[in-house]
>>> print(open('target-v6.pdb').read())   # PDB, C-alpha atoms (C1' of nucleotides)
ATOM      1  CA  MET A   1      14.503 -84.127  -4.378
ATOM      2  CA  HIS A   2      11.636 -85.747  -2.551
ATOM      3  CA  VAL A   3      11.992 -86.346   1.152
ATOM      4  CA  ALA A   4       9.508 -88.675   2.771
ATOM      5  CA  ALA A   5       7.215 -87.212   5.391
ATOM      6  CA  GLU A   6       8.762 -89.098   8.286
ATOM      7  CA  TYR A   7      12.124 -87.393   7.714
ATOM      8  CA  ARG A   8      10.820 -83.913   7.244
ATOM      9  CA  GLN A   9      11.139 -82.874  10.841
ATOM     10  CA  ALA A  10      14.820 -83.792  10.837
ATOM     11  CA  SER A  11      15.493 -80.848   8.517
ATOM     12  CA  LEU A  12      17.716 -77.933   9.291
ATOM     13  CA  TYR A  13      17.623 -74.621   7.524
ATOM     14  CA  VAL A  14      21.090 -73.270   6.787
ATOM     15  CA  GLY A  15      21.244 -69.525   6.232
ATOM     16  CA  ASP A  16      23.937 -66.914   5.566
ATOM     17  CA  LEU A  17      25.670 -69.251   3.112
ATOM     18  CA  HIS A  18      28.502 -67.977   0.969
ATOM     19  CA  ALA A  19      27.299 -67.980  -2.649
ATOM     20  CA  ASP A  20      30.077 -70.355  -3.716
ATOM     21  CA  VAL A  21      29.219 -73.116  -1.256
ATOM     22  CA  SER A  22      28.286 -76.285  -3.150
ATOM     23  CA  GLU A  23      26.064 -79.225  -2.190
ATOM     24  CA  ASP A  24      29.183 -81.336  -2.150
ATOM     25  CA  LEU A  25      30.940 -79.095   0.349
ATOM     26  CA  LEU A  26      27.882 -78.945   2.604
ATOM     27  CA  PHE A  27      27.506 -82.710   2.463
ATOM     28  CA  LYS A  28      31.138 -83.230   3.464
ATOM     29  CA  LYS A  29      30.852 -80.752   6.303
ATOM     30  CA  PHE A  30      27.632 -82.118   7.809
ATOM     31  CA  SER A  31      28.118 -85.808   7.234
ATOM     32  CA  ALA A  32      31.386 -85.559   9.125
ATOM     33  CA  VAL A  33      29.238 -85.082  12.217
ATOM     34  CA  ARG A  34      26.095 -87.164  11.551
ATOM     35  CA  PRO A  35      24.725 -89.139   8.589
ATOM     36  CA  VAL A  36      22.988 -86.882   6.109
ATOM     37  CA  LEU A  37      20.004 -87.994   4.043
ATOM     38  CA  SER A  38      20.040 -85.161   1.542
ATOM     39  CA  ILE A  39      21.106 -81.602   0.917
ATOM     40  CA  CYS A  40      19.413 -78.945  -1.104
ATOM     41  CA  ILE A  41      20.901 -75.544  -1.815
ATOM     42  CA  CYS A  42      18.176 -73.237  -3.052
ATOM     43  CA  ARG A  43      19.058 -71.621  -6.324
ATOM     44  CA  ASP A  44      17.669 -69.074  -8.704
ATOM     45  CA  LEU A  45      15.718 -71.006 -11.343
ATOM     46  CA  VAL A  46      17.201 -69.061 -14.219
ATOM     47  CA  THR A  47      20.758 -68.288 -13.203
ATOM     48  CA  CYS A  48      21.265 -71.245 -10.850
ATOM     49  CA  ARG A  49      23.053 -68.942  -8.456
ATOM     50  CA  SER A  50      22.771 -69.900  -4.802
ATOM     51  CA  LEU A  51      20.128 -67.959  -2.913
ATOM     52  CA  GLY A  52      22.317 -68.183   0.164
ATOM     53  CA  TYR A  53      20.343 -70.808   2.022
ATOM     54  CA  ALA A  54      19.978 -74.551   2.048
ATOM     55  CA  TYR A  55      18.285 -77.487   3.733
ATOM     56  CA  VAL A  56      20.155 -80.311   5.324
ATOM     57  CA  ASN A  57      17.939 -83.340   5.891
ATOM     58  CA  PHE A  58      18.939 -85.977   8.411
ATOM     59  CA  LEU A  59      17.516 -89.411   9.033
ATOM     60  CA  GLN A  60      17.155 -88.910  12.754
ATOM     61  CA  LEU A  61      15.963 -85.991  14.799
ATOM     62  CA  GLU A  62      18.897 -86.502  17.174
ATOM     63  CA  ASP A  63      21.302 -86.118  14.265
ATOM     64  CA  ALA A  64      19.797 -82.788  13.297
ATOM     65  CA  GLN A  65      19.886 -81.716  16.942
ATOM     66  CA  LYS A  66      23.533 -82.671  17.208
ATOM     67  CA  ALA A  67      24.402 -80.656  14.112
ATOM     68  CA  LEU A  68      22.432 -77.690  15.435
ATOM     69  CA  ASP A  69      24.199 -77.882  18.798
ATOM     70  CA  THR A  70      27.718 -78.205  17.455
ATOM     71  CA  MET A  71      27.872 -76.555  14.040
ATOM     72  CA  ASN A  72      25.895 -73.357  14.358
ATOM     73  CA  PHE A  73      27.951 -70.295  13.321
ATOM     74  CA  ASP A  74      30.741 -72.443  11.908
ATOM     75  CA  PRO A  75      32.386 -70.578   9.033
ATOM     76  CA  ILE A  76      32.221 -72.038   5.543
ATOM     77  CA  LYS A  77      34.302 -70.243   2.946
ATOM     78  CA  GLY A  78      34.898 -67.583   5.566
ATOM     79  CA  LYS A  79      31.246 -66.909   6.315
ATOM     80  CA  SER A  80      29.449 -67.976   9.487
ATOM     81  CA  ILE A  81      26.494 -70.181   8.708
ATOM     82  CA  CYS A  82      23.277 -69.744  10.586
ATOM     83  CA  LEU A  83      21.470 -72.933  11.584
ATOM     84  CA  MET A  84      17.799 -73.200  12.475
ATOM     85  CA  TRP A  85      15.103 -75.803  12.459
ATOM     86  CA  SER A  86      13.269 -75.678   9.179
ATOM     87  CA  GLN A  87      10.167 -73.650   9.921
ATOM     88  CA  ARG A  88       7.872 -73.170   6.968
ATOM     89  CA  ASP A  89       5.375 -71.096   8.871
ATOM     90  CA  ALA A  90       6.427 -67.566   7.995
ATOM     91  CA  TYR A  91       4.406 -66.034  10.811
ATOM     92  CA  LEU A  92       6.341 -67.945  13.442
ATOM     93  CA  ARG A  93       9.597 -66.766  11.907
ATOM     94  CA  THR A  94       8.864 -63.106  11.406
ATOM     95  CA  SER A  95       6.075 -61.962  13.698
ATOM     96  CA  GLY A  96       8.705 -60.611  16.069
ATOM     97  CA  ILE A  97       7.218 -62.388  19.086
ATOM     98  CA  GLY A  98       9.995 -63.468  21.400
ATOM     99  CA  ASN A  99      12.595 -61.461  19.514
ATOM    100  CA  VAL A 100      15.061 -59.568  21.667
ATOM    101  CA  PHE A 101      17.433 -56.749  20.771
ATOM    102  CA  ILE A 102      20.768 -56.391  22.546
ATOM    103  CA  LYS A 103      23.183 -53.495  22.310
ATOM    104  CA  ASN A 104      26.399 -52.312  23.867
ATOM    105  CA  LEU A 105      27.989 -55.726  23.515
ATOM    106  CA  ASP A 106      31.685 -56.046  24.062
ATOM    107  CA  LYS A 107      33.497 -56.293  20.735
ATOM    108  CA  SER A 108      34.831 -59.722  21.690
ATOM    109  CA  ILE A 109      31.383 -61.293  22.145
ATOM    110  CA  ASP A 110      30.810 -63.546  19.151
ATOM    111  CA  ASN A 111      27.811 -65.567  17.987
ATOM    112  CA  LYS A 112      28.654 -68.638  20.017
ATOM    113  CA  THR A 113      29.302 -66.718  23.225
ATOM    114  CA  LEU A 114      26.068 -64.797  22.851
ATOM    115  CA  TYR A 115      24.143 -67.974  22.162
ATOM    116  CA  GLU A 116      25.606 -69.709  25.191
ATOM    117  CA  HIS A 117      24.778 -66.805  27.470
ATOM    118  CA  PHE A 118      21.221 -66.377  26.343
ATOM    119  CA  SER A 119      20.250 -70.012  25.925
ATOM    120  CA  SER A 120      20.123 -70.207  29.717
ATOM    121  CA  PHE A 121      16.800 -68.325  29.548
ATOM    122  CA  GLY A 122      15.069 -70.703  27.170
ATOM    123  CA  LYS A 123      15.057 -72.232  23.745
ATOM    124  CA  ILE A 124      16.520 -70.012  21.035
ATOM    125  CA  LEU A 125      15.135 -70.170  17.507
ATOM    126  CA  SER A 126      17.866 -67.980  16.073
ATOM    127  CA  SER A 127      20.429 -65.444  17.157
ATOM    128  CA  LYS A 128      22.992 -63.237  15.539
ATOM    129  CA  VAL A 129      25.665 -60.748  16.477
ATOM    130  CA  MET A 130      25.650 -58.128  13.747
ATOM    131  CA  SER A 131      29.046 -57.643  12.184
ATOM    132  CA  ASP A 132      30.929 -56.062   9.303
ATOM    133  CA  ASP A 133      34.485 -56.196   7.954
ATOM    134  CA  HIS A 134      35.767 -54.754  11.207
ATOM    135  CA  GLY A 135      34.125 -57.450  13.314
ATOM    136  CA  SER A 136      31.225 -57.165  15.729
ATOM    137  CA  ARG A 137      29.036 -54.113  15.468
ATOM    138  CA  CYS A 138      28.298 -54.618  19.147
ATOM    139  CA  TYR A 139      24.600 -55.312  18.847
ATOM    140  CA  ALA A 140      22.660 -58.503  18.346
ATOM    141  CA  PHE A 141      19.329 -60.282  18.165
ATOM    142  CA  VAL A 142      18.112 -63.339  19.989
ATOM    143  CA  HIS A 143      14.815 -64.861  18.947
ATOM    144  CA  PHE A 144      13.369 -67.024  21.716
ATOM    145  CA  GLN A 145      10.749 -69.663  21.191
ATOM    146  CA  ASN A 146       8.484 -68.387  23.930
ATOM    147  CA  GLN A 147       7.596 -65.229  25.743
ATOM    148  CA  THR A 148       8.651 -66.384  29.222
ATOM    149  CA  ALA A 149      12.206 -66.867  28.018
ATOM    150  CA  THR A 150      12.108 -63.418  26.436
ATOM    151  CA  ASP A 151      10.856 -61.779  29.618
ATOM    152  CA  ARG A 152      13.443 -63.527  31.748
ATOM    153  CA  ALA A 153      16.274 -62.584  29.409
ATOM    154  CA  ILE A 154      15.255 -58.934  29.504
ATOM    155  CA  GLN A 155      14.650 -58.990  33.236
ATOM    156  CA  GLU A 156      18.018 -60.503  34.030
ATOM    157  CA  MET A 157      20.287 -59.160  31.311
ATOM    158  CA  ASN A 158      19.129 -55.602  30.731
ATOM    159  CA  GLY A 159      21.641 -53.431  32.550
ATOM    160  CA  ALA A 160      23.812 -56.418  33.420
ATOM    161  CA  LEU A 161      27.543 -56.417  32.832
ATOM    162  CA  LEU A 162      28.998 -58.682  30.198
ATOM    163  CA  LYS A 163      32.771 -58.376  29.801
ATOM    164  CA  ASP A 164      32.722 -54.899  31.375
ATOM    165  CA  CYS A 165      29.993 -53.655  29.046
ATOM    166  CA  ARG A 166      26.619 -52.751  30.482
ATOM    167  CA  LEU A 167      24.086 -54.344  28.159
ATOM    168  CA  PHE A 168      20.866 -52.975  26.887
ATOM    169  CA  VAL A 169      18.410 -55.812  26.376
ATOM    170  CA  GLY A 170      14.868 -55.107  25.233
ATOM    171  CA  ARG A 171      12.125 -56.352  22.998
ATOM    172  CA  PHE A 172      12.891 -56.105  19.327
ATOM    173  CA  LYS A 173      11.182 -53.216  17.601
ATOM    174  CA  SER A 174      10.499 -53.171  13.899
ATOM    175  CA  HIS A 175      11.630 -50.274  11.779
ATOM    176  CA  LYS A 176       8.104 -48.970  11.774
ATOM    177  CA  ASP A 177       7.725 -49.082  15.563
ATOM    178  CA  ARG A 178      11.044 -47.364  15.978
ATOM    179  CA  GLU A 179      10.241 -44.667  13.478
ATOM    180  CA  ALA A 180       7.002 -43.872  15.266
ATOM    181  CA  LYS A 181       8.823 -43.549  18.565
ATOM    182  CA  LEU A 182      11.517 -41.340  17.105
ATOM    183  CA  GLN A 183       8.901 -39.121  15.515
ATOM    184  CA  ASN A 184       7.258 -38.807  18.857
ATOM    185  CA  LYS A 185      10.500 -37.872  20.497
ATOM    186  CA  ALA A 186      11.324 -35.398  17.749
ATOM    187  CA  SER A 187       8.010 -33.661  18.239
ATOM    188  CA  GLU A 188       8.946 -33.008  21.861
ATOM    189  CA  PHE A 189      12.367 -31.612  21.143
ATOM    190  CA  THR A 190      14.255 -29.585  23.726
ATOM    191  CA  ASN A 191      17.390 -28.943  21.657
ATOM    192  CA  VAL A 192      17.439 -26.185  19.065
ATOM    193  CA  TYR A 193      19.816 -25.504  16.229
ATOM    194  CA  ILE A 194      20.620 -21.895  15.335
ATOM    195  CA  LYS A 195      22.159 -20.727  12.084
ATOM    196  CA  ASN A 196      23.189 -17.326  10.690
ATOM    197  CA  LEU A 197      24.272 -15.987  14.039
ATOM    198  CA  GLY A 198      26.540 -13.249  12.775
ATOM    199  CA  ASP A 199      30.157 -12.680  13.717
ATOM    200  CA  ASP A 200      30.090 -11.427  17.244
ATOM    201  CA  MET A 201      28.283 -14.248  18.977
ATOM    202  CA  ASP A 202      29.597 -16.374  21.787
ATOM    203  CA  ASP A 203      28.104 -18.913  24.178
ATOM    204  CA  GLU A 204      27.259 -16.385  26.851
ATOM    205  CA  ARG A 205      25.601 -13.873  24.520
ATOM    206  CA  LEU A 206      23.568 -16.599  22.845
ATOM    207  CA  ARG A 207      22.388 -17.794  26.215
ATOM    208  CA  GLN A 208      21.313 -14.259  27.096
ATOM    209  CA  VAL A 209      19.364 -13.837  23.872
ATOM    210  CA  PHE A 210      17.438 -17.065  24.393
ATOM    211  CA  SER A 211      17.116 -17.126  28.167
ATOM    212  CA  LYS A 212      13.766 -15.367  28.068
ATOM    213  CA  TYR A 213      12.187 -18.557  26.685
ATOM    214  CA  GLY A 214      13.216 -20.736  29.568
ATOM    215  CA  LYS A 215      16.091 -22.280  31.464
ATOM    216  CA  THR A 216      18.959 -23.247  29.190
ATOM    217  CA  LEU A 217      20.886 -26.384  30.036
ATOM    218  CA  SER A 218      23.713 -25.995  27.561
ATOM    219  CA  VAL A 219      24.837 -23.595  24.880
ATOM    220  CA  LYS A 220      27.468 -24.086  22.211
ATOM    221  CA  VAL A 221      28.460 -21.660  19.469
ATOM    222  CA  MET A 222      30.650 -23.008  16.688
ATOM    223  CA  THR A 223      32.286 -21.592  13.606
ATOM    224  CA  ASP A 224      32.389 -23.692  10.481
ATOM    225  CA  SER A 225      35.213 -23.807   7.928
ATOM    226  CA  SER A 226      33.806 -20.892   5.926
ATOM    227  CA  GLY A 227      33.674 -18.699   9.024
ATOM    228  CA  LYS A 228      29.931 -18.848   9.542
ATOM    229  CA  SER A 229      28.759 -19.373  13.071
ATOM    230  CA  LYS A 230      26.049 -21.694  14.232
ATOM    231  CA  GLY A 231      24.960 -22.960  17.580
ATOM    232  CA  PHE A 232      23.159 -25.557  19.609
ATOM    233  CA  LEU A 233      21.132 -24.739  22.656
ATOM    234  CA  SER A 234      19.218 -27.055  24.937
ATOM    235  CA  PHE A 235      16.302 -26.048  27.119
ATOM    236  CA  ASP A 236      14.908 -27.815  30.145
ATOM    237  CA  SER A 237      11.467 -28.045  28.564
ATOM    238  CA  HIS A 238       9.925 -28.656  25.181
ATOM    239  CA  GLU A 239       7.661 -25.619  25.596
ATOM    240  CA  ALA A 240      10.646 -23.307  25.933
ATOM    241  CA  ALA A 241      12.410 -24.810  22.929
ATOM    242  CA  LYS A 242       9.271 -24.650  20.834
ATOM    243  CA  LYS A 243       8.597 -21.036  21.754
ATOM    244  CA  ALA A 244      12.199 -20.067  21.036
ATOM    245  CA  ALA A 245      12.002 -21.640  17.592
ATOM    246  CA  GLU A 246       8.646 -20.097  16.794
ATOM    247  CA  GLU A 247       9.586 -16.594  17.836
ATOM    248  CA  MET A 248      13.227 -16.403  16.794
ATOM    249  CA  ASN A 249      13.184 -18.251  13.507
ATOM    250  CA  GLY A 250      13.369 -15.895  10.561
ATOM    251  CA  LYS A 251      14.219 -12.882  12.713
ATOM    252  CA  ASP A 252      16.269 -10.252  10.943
ATOM    253  CA  ILE A 253      19.561  -9.705  12.727
ATOM    254  CA  ASN A 254      21.758  -7.066  11.072
ATOM    255  CA  GLY A 255      20.275  -7.923   7.695
ATOM    256  CA  GLN A 256      20.687 -11.673   8.209
ATOM    257  CA  LEU A 257      17.735 -13.992   8.708
ATOM    258  CA  LEU A 258      18.229 -16.124  11.771
ATOM    259  CA  PHE A 259      17.387 -19.808  11.491
ATOM    260  CA  VAL A 260      16.137 -21.475  14.640
ATOM    261  CA  GLY A 261      14.699 -24.972  14.538
ATOM    262  CA  ARG A 262      14.701 -28.384  16.134
ATOM    263  CA  ALA A 263      18.220 -29.745  16.380
ATOM    264  CA  GLN A 264      18.549 -32.950  14.387
ATOM    265  CA  LYS A 265      20.874 -35.809  15.035
ATOM    266  CA  LYS A 266      23.713 -36.042  12.588
ATOM    267  CA  ALA A 267      22.333 -39.205  10.980
ATOM    268  CA  GLU A 268      18.908 -37.639  10.622
ATOM    269  CA  ARG A 269      20.326 -34.497   9.018
ATOM    270  CA  GLN A 270      22.458 -36.545   6.650
ATOM    271  CA  ALA A 271      19.463 -38.642   5.677
ATOM    272  CA  GLU A 272      17.507 -35.472   4.977
ATOM    273  CA  LEU A 273      20.285 -33.995   2.841
ATOM    274  CA  LYS A 274      20.583 -37.233   0.947
ATOM    275  CA  GLN A 275      16.875 -37.345   0.278
ATOM    276  CA  MET A 276      16.903 -33.736  -0.901
ATOM    277  CA  SER A 277      19.775 -34.359  -3.254
ATOM    278  CA  GLU A 278      18.074 -37.438  -4.626
ATOM    279  CA  GLN A 279      14.884 -35.544  -5.257
ATOM    280  CA  LEU A 280      16.839 -32.841  -7.055
ATOM    281  CA  LYS A 281      18.540 -35.471  -9.161
ATOM    282  CA  GLN A 282      15.182 -36.997  -9.982
ATOM    283  CA  GLU A 283      13.786 -33.598 -11.021
ATOM    284  CA  ARG A 284      16.759 -32.909 -13.243
ATOM    285  CA  PHE A 285      16.392 -36.320 -14.779
ATOM    286  CA  TRP A 286      12.811 -35.617 -15.764
ATOM    287  CA  GLN A 287      13.750 -32.141 -16.955
ATOM    288  CA  CYS A 288      16.357 -33.648 -19.245
ATOM    289  CA  ARG A 289      13.961 -36.304 -20.371
ATOM    290  CA  GLY A 290      11.527 -33.564 -21.235
ATOM    291  CA  ALA A 291       8.597 -35.482 -19.815
ATOM    292  CA  LYS A 292       6.204 -32.981 -21.235
ATOM    293  CA  LEU A 293       2.464 -33.449 -21.370
ATOM    294  CA  TYR A 294       0.247 -31.575 -23.755
ATOM    295  CA  ILE A 295      -3.246 -30.994 -22.426
ATOM    296  CA  LYS A 296      -6.054 -29.624 -24.485
ATOM    297  CA  ASN A 297      -9.702 -28.736 -24.036
ATOM    298  CA  LEU A 298      -9.024 -26.784 -20.865
ATOM    299  CA  ASP A 299     -11.802 -24.492 -19.774
ATOM    300  CA  GLU A 300     -11.138 -20.775 -19.582
ATOM    301  CA  THR A 301     -10.803 -20.614 -15.824
ATOM    302  CA  THR A 302      -7.805 -22.942 -15.794
ATOM    303  CA  ASP A 303      -4.596 -21.027 -15.276
ATOM    304  CA  ASP A 304      -1.015 -22.143 -14.566
ATOM    305  CA  GLU A 305      -1.588 -22.455 -10.847
ATOM    306  CA  LYS A 306      -4.778 -24.469 -11.098
ATOM    307  CA  LEU A 307      -3.264 -26.857 -13.605
ATOM    308  CA  ARG A 308      -0.220 -27.329 -11.407
ATOM    309  CA  ARG A 309      -2.434 -28.124  -8.431
ATOM    310  CA  GLU A 310      -4.393 -30.675 -10.409
ATOM    311  CA  PHE A 311      -1.255 -32.527 -11.464
ATOM    312  CA  SER A 312       0.874 -32.087  -8.362
ATOM    313  CA  SER A 313      -0.068 -35.439  -6.848
ATOM    314  CA  PHE A 314       1.627 -37.317  -9.694
ATOM    315  CA  GLY A 315       5.124 -36.022  -9.029
ATOM    316  CA  SER A 316       7.231 -32.910  -8.981
ATOM    317  CA  ILE A 317       6.492 -30.479 -11.783
ATOM    318  CA  SER A 318       9.196 -28.312 -13.262
ATOM    319  CA  ARG A 319       7.114 -26.024 -15.443
ATOM    320  CA  VAL A 320       3.464 -25.355 -16.218
ATOM    321  CA  LYS A 321       2.245 -23.042 -18.954
ATOM    322  CA  VAL A 322      -1.364 -22.495 -20.001
ATOM    323  CA  THR A 323      -1.562 -20.756 -23.362
ATOM    324  CA  GLN A 324      -4.497 -18.526 -24.102
ATOM    325  CA  GLU A 325      -6.124 -18.883 -27.493
ATOM    326  CA  GLU A 326      -6.474 -15.718 -29.587
ATOM    327  CA  ARG A 327     -10.030 -14.593 -30.037
TER     328      ARG A 327
ATOM    329  C1'  DC B   1      25.105 -44.993  18.602
ATOM    330  C1'  DA B   2      22.891 -49.684  17.345
ATOM    331  C1'  DT B   3      16.265 -52.713  16.370
ATOM    332  C1'  DG B   4      17.738 -58.810  11.038
ATOM    333  C1'  DA B   5      16.283 -62.069   8.026
ATOM    334  C1'  DG B   6      15.232 -66.527   6.746
ATOM    335  C1'  DC B   7      12.283 -71.648   4.368
ATOM    336  C1'  DG B   8      12.534 -76.665  -0.921
ATOM    337  C1'  DA B   9      11.605 -80.900  -3.594
TER     338       DA B   9
END
>>> encode(input="target-v6.pdb", output="structure tokens")
Amino acid sequence: MHVAAEYRQASLYVGDLHADVSEDLLFKKFSAVRPVLSICICRDLVTCRSLGYAYVNFLQLEDAQKALDTMNFDPIKGKSICLMWSQRDAYLRTSGIGNVFIKNLDKSIDNKTLYEHFSSFGKILSSKVMSDDHGSRCYAFVHFQNQTATDRAIQEMNGALLKDCRLFVGRFKSHKDREAKLQNKASEFTNVYIKNLGDDMDDERLRQVFSKYGKTLSVKVMTDSSGKSKGFLSFDSHEAAKKAAEEMNGKDINGQLLFVGRAQKKAERQAELKQMSEQLKQERFWQCRGAKLYIKNLDETTDDEKLRREFSSFGSISRVKVTQEER
DNA sequence: CATGAGCGA
């Protein structure tokens, strides 16, 4: 539908729409508040399924403003809609400037409460309390229109109490930024994980064994369900932890090879295991598929190892065999 | 403990 230029600025973007919401339903909902010029739910061209967002065009700017002020986060078909001014400039939406991350929210803080609290610092482009089936996940985002509002919100709300919860409020960091920081932190680890400890190990003995590398802050030996013992040990410096790992890892203790390495967070370890299992699955898949290449005209100096090296950048290789021609 | 996702006719 064509909307004349003079009405374009009275357009709201409606996000987080339930897939079953129809134009009709949206029209009823919005025109109950202010007169609506037109509605457009964006749909897949082929399947006509809703893409989960729509435009609501009003005749007057004040009408759009009124809808934005009173209807944001209203549930439709059980799902909270997310209202914003239509902003076609993708950079302004996603550059991350003015975007604030909030964590340690009280479970009872909902979208509207959050919005009300933070709109005192300046104009909000969008905000959202992250949630799942169990309700709030206790963290949120608020995207301010300008940097001063962002700075003030962080200045005043970081560390402040909201419903007995001390908030963390900081600038939003993209996945990439966060990853880099975590990597950095991981490279300066002070906690070590120790595996294959043998049977007769306890906290005190483990501390003694490792104390020569530096001051230990905490030691914990645990036994898993199969009776194997493992432990965590934290040092007061990265140097000590690093040295302990370097010197003790792989050490033969009563015929068992000790493992000593950087202690990972549970989520990190699980992610690693998952990745390993997926790689294994992938390898098996290709093995079954028998993705075999036949290569001829190799020169005489090419052996299994060289051929493997040459092809290793294309993916994991399960088997390489160079056959020698009879002379 | 936590760092999103979104722009048409």
>>> resolve_selection(input="target-v6.pdb", expression="the PyMOL selection byres ((chain B) within 7 of (chain A))", output="ChimeraX atom specification")
/B:2-3,6-9
>>> residues_around(input="target-v6.pdb", residues="Leu61 of chain A", least_positions_apart="2", cutoff="9 Å", atoms="all atoms listed in the file", output="number ranges by chain")
A: 7, 9-11, 58-59, 63-66
>>> write_last_selection(input="target-v6.pdb", atoms="C-alpha atoms", output="PDB file, in the coordinates of the input")
ATOM      1  CA  TYR A   7      12.124 -87.393   7.714  1.00  0.00           C
ATOM      2  CA  GLN A   9      11.139 -82.874  10.841  1.00  0.00           C
ATOM      3  CA  ALA A  10      14.820 -83.792  10.837  1.00  0.00           C
ATOM      4  CA  SER A  11      15.493 -80.848   8.517  1.00  0.00           C
ATOM      5  CA  PHE A  58      18.939 -85.977   8.411  1.00  0.00           C
ATOM      6  CA  LEU A  59      17.516 -89.411   9.033  1.00  0.00           C
ATOM      7  CA  ASP A  63      21.302 -86.118  14.265  1.00  0.00           C
ATOM      8  CA  ALA A  64      19.797 -82.788  13.297  1.00  0.00           C
ATOM      9  CA  GLN A  65      19.886 -81.716  16.942  1.00  0.00           C
ATOM     10  CA  LYS A  66      23.533 -82.671  17.208  1.00  0.00           C
TER      11      LYS A  66
END
>>> atom_distance(input="target-v6.pdb", atom1="atom CA of Arg152 of chain A", atom2="atom CA of Phe121 of chain A")
6.3 Å
>>> residues_around(input="target-v6.pdb", residues="Leu233 of chain A", least_positions_apart="2", cutoff="7 Å", atoms="only C-alpha atoms (C1' of nucleotides)", output="PyMOL selection string")
chain A and resi 191-193+218-220+231+235
>>> residues_near_point(input="target-v6.pdb", point="(1.7, -23.7, -15.6)", cutoff="10 Å", atoms="only C-alpha atoms (C1' of nucleotides)", output="ChimeraX atom specification")
/A:302-309,317-323
>>> write_last_selection(input="target-v6.pdb", atoms="C-alpha atoms", output="short mmCIF file (atom, residue, chain, number, x, y, z; two decimals), in the frame of the given file")
data_model
loop_
_atom_site.label_atom_id
_atom_site.label_comp_id
_atom_site.auth_asym_id
_atom_site.auth_seq_id
_atom_site.Cartn_x
_atom_site.Cartn_y
_atom_site.Cartn_z
CA THR A 302 -7.80 -22.94 -15.79
CA ASP A 303 -4.60 -21.03 -15.28
CA ASP A 304 -1.01 -22.14 -14.57
CA GLU A 305 -1.59 -22.46 -10.85
CA LYS A 306 -4.78 -24.47 -11.10
CA LEU A 307 -3.26 -26.86 -13.60
CA ARG A 308 -0.22 -27.33 -11.41
CA ARG A 309 -2.43 -28.12 -8.43
CA ILE A 317 6.49 -30.48 -11.78
CA SER A 318 9.20 -28.31 -13.26
CA ARG A 319 7.11 -26.02 -15.44
CA VAL A 320 3.46 -25.36 -16.22
CA LYS A 321 2.24 -23.04 -18.95
CA VAL A 322 -1.36 -22.50 -20.00
CA THR A 323 -1.56 -20.76 -23.36
#
>>> atom_distance(input="target-v6.pdb", atom1="atom CA of Ile97 of chain A", atom2="atom CA of Ala160 of chain A")
22.7 Å
>>> resolve_selection(input="target-v6.pdb", expression="the PyMOL selection byres ((chain A and resi 249) around 7)", output="ChimeraX atom specification")
/A:245-248,250-251,258-261
>>> atom_distance(input="target-v6.pdb", atom1="atom CA of Val33 of chain A", atom2="atom CA of Thr70 of chain A")
8.8 Å
>>> closest_residue(input="target-v6.pdb", among="A:Leu51, A:Leu68, A:Ala291, A:Leu162", to="Asp106 of chain A", atoms="only C-alpha atoms")
A:Leu162
>>> closest_residue(input="target-v6.pdb", among="A:Leu298, A:Leu167, A:Val36, A:Val142", to="DG4 of chain B", atoms="all atoms listed in the file")
A:Val142
>>> residues_near_point(input="target-v6.pdb", point="(24.4, -41.8, 16.5)", cutoff="12 Å", atoms="only C-alpha atoms (C1' of nucleotides)", output="list in words")
Gln264, Lys265, Lys266, Ala267, Glu268, Arg269 and Gln270 of chain A; DC1 and DA2 of chain B
>>> resolve_selection(input="target-v6.pdb", expression="the PyMOL selection byres ((chain A and resi 115) around 9)", output="short mmCIF file (atom, residue, chain, number, x, y, z; two decimals) with C-alpha atoms, in the coordinates of the input")
data_model
loop_
_atom_site.label_atom_id
_atom_site.label_comp_id
_atom_site.auth_asym_id
_atom_site.auth_seq_id
_atom_site.Cartn_x
_atom_site.Cartn_y
_atom_site.Cartn_z
CA ASP A 110 30.81 -63.55 19.15
CA ASN A 111 27.81 -65.57 17.99
CA LYS A 112 28.65 -68.64 20.02
CA THR A 113 29.30 -66.72 23.22
CA LEU A 114 26.07 -64.80 22.85
CA GLU A 116 25.61 -69.71 25.19
CA HIS A 117 24.78 -66.81 27.47
CA PHE A 118 21.22 -66.38 26.34
CA SER A 119 20.25 -70.01 25.92
CA SER A 120 20.12 -70.21 29.72
CA ILE A 124 16.52 -70.01 21.04
CA SER A 126 17.87 -67.98 16.07
CA SER A 127 20.43 -65.44 17.16
CA LYS A 128 22.99 -63.24 15.54
CA VAL A 142 18.11 -63.34 19.99
#
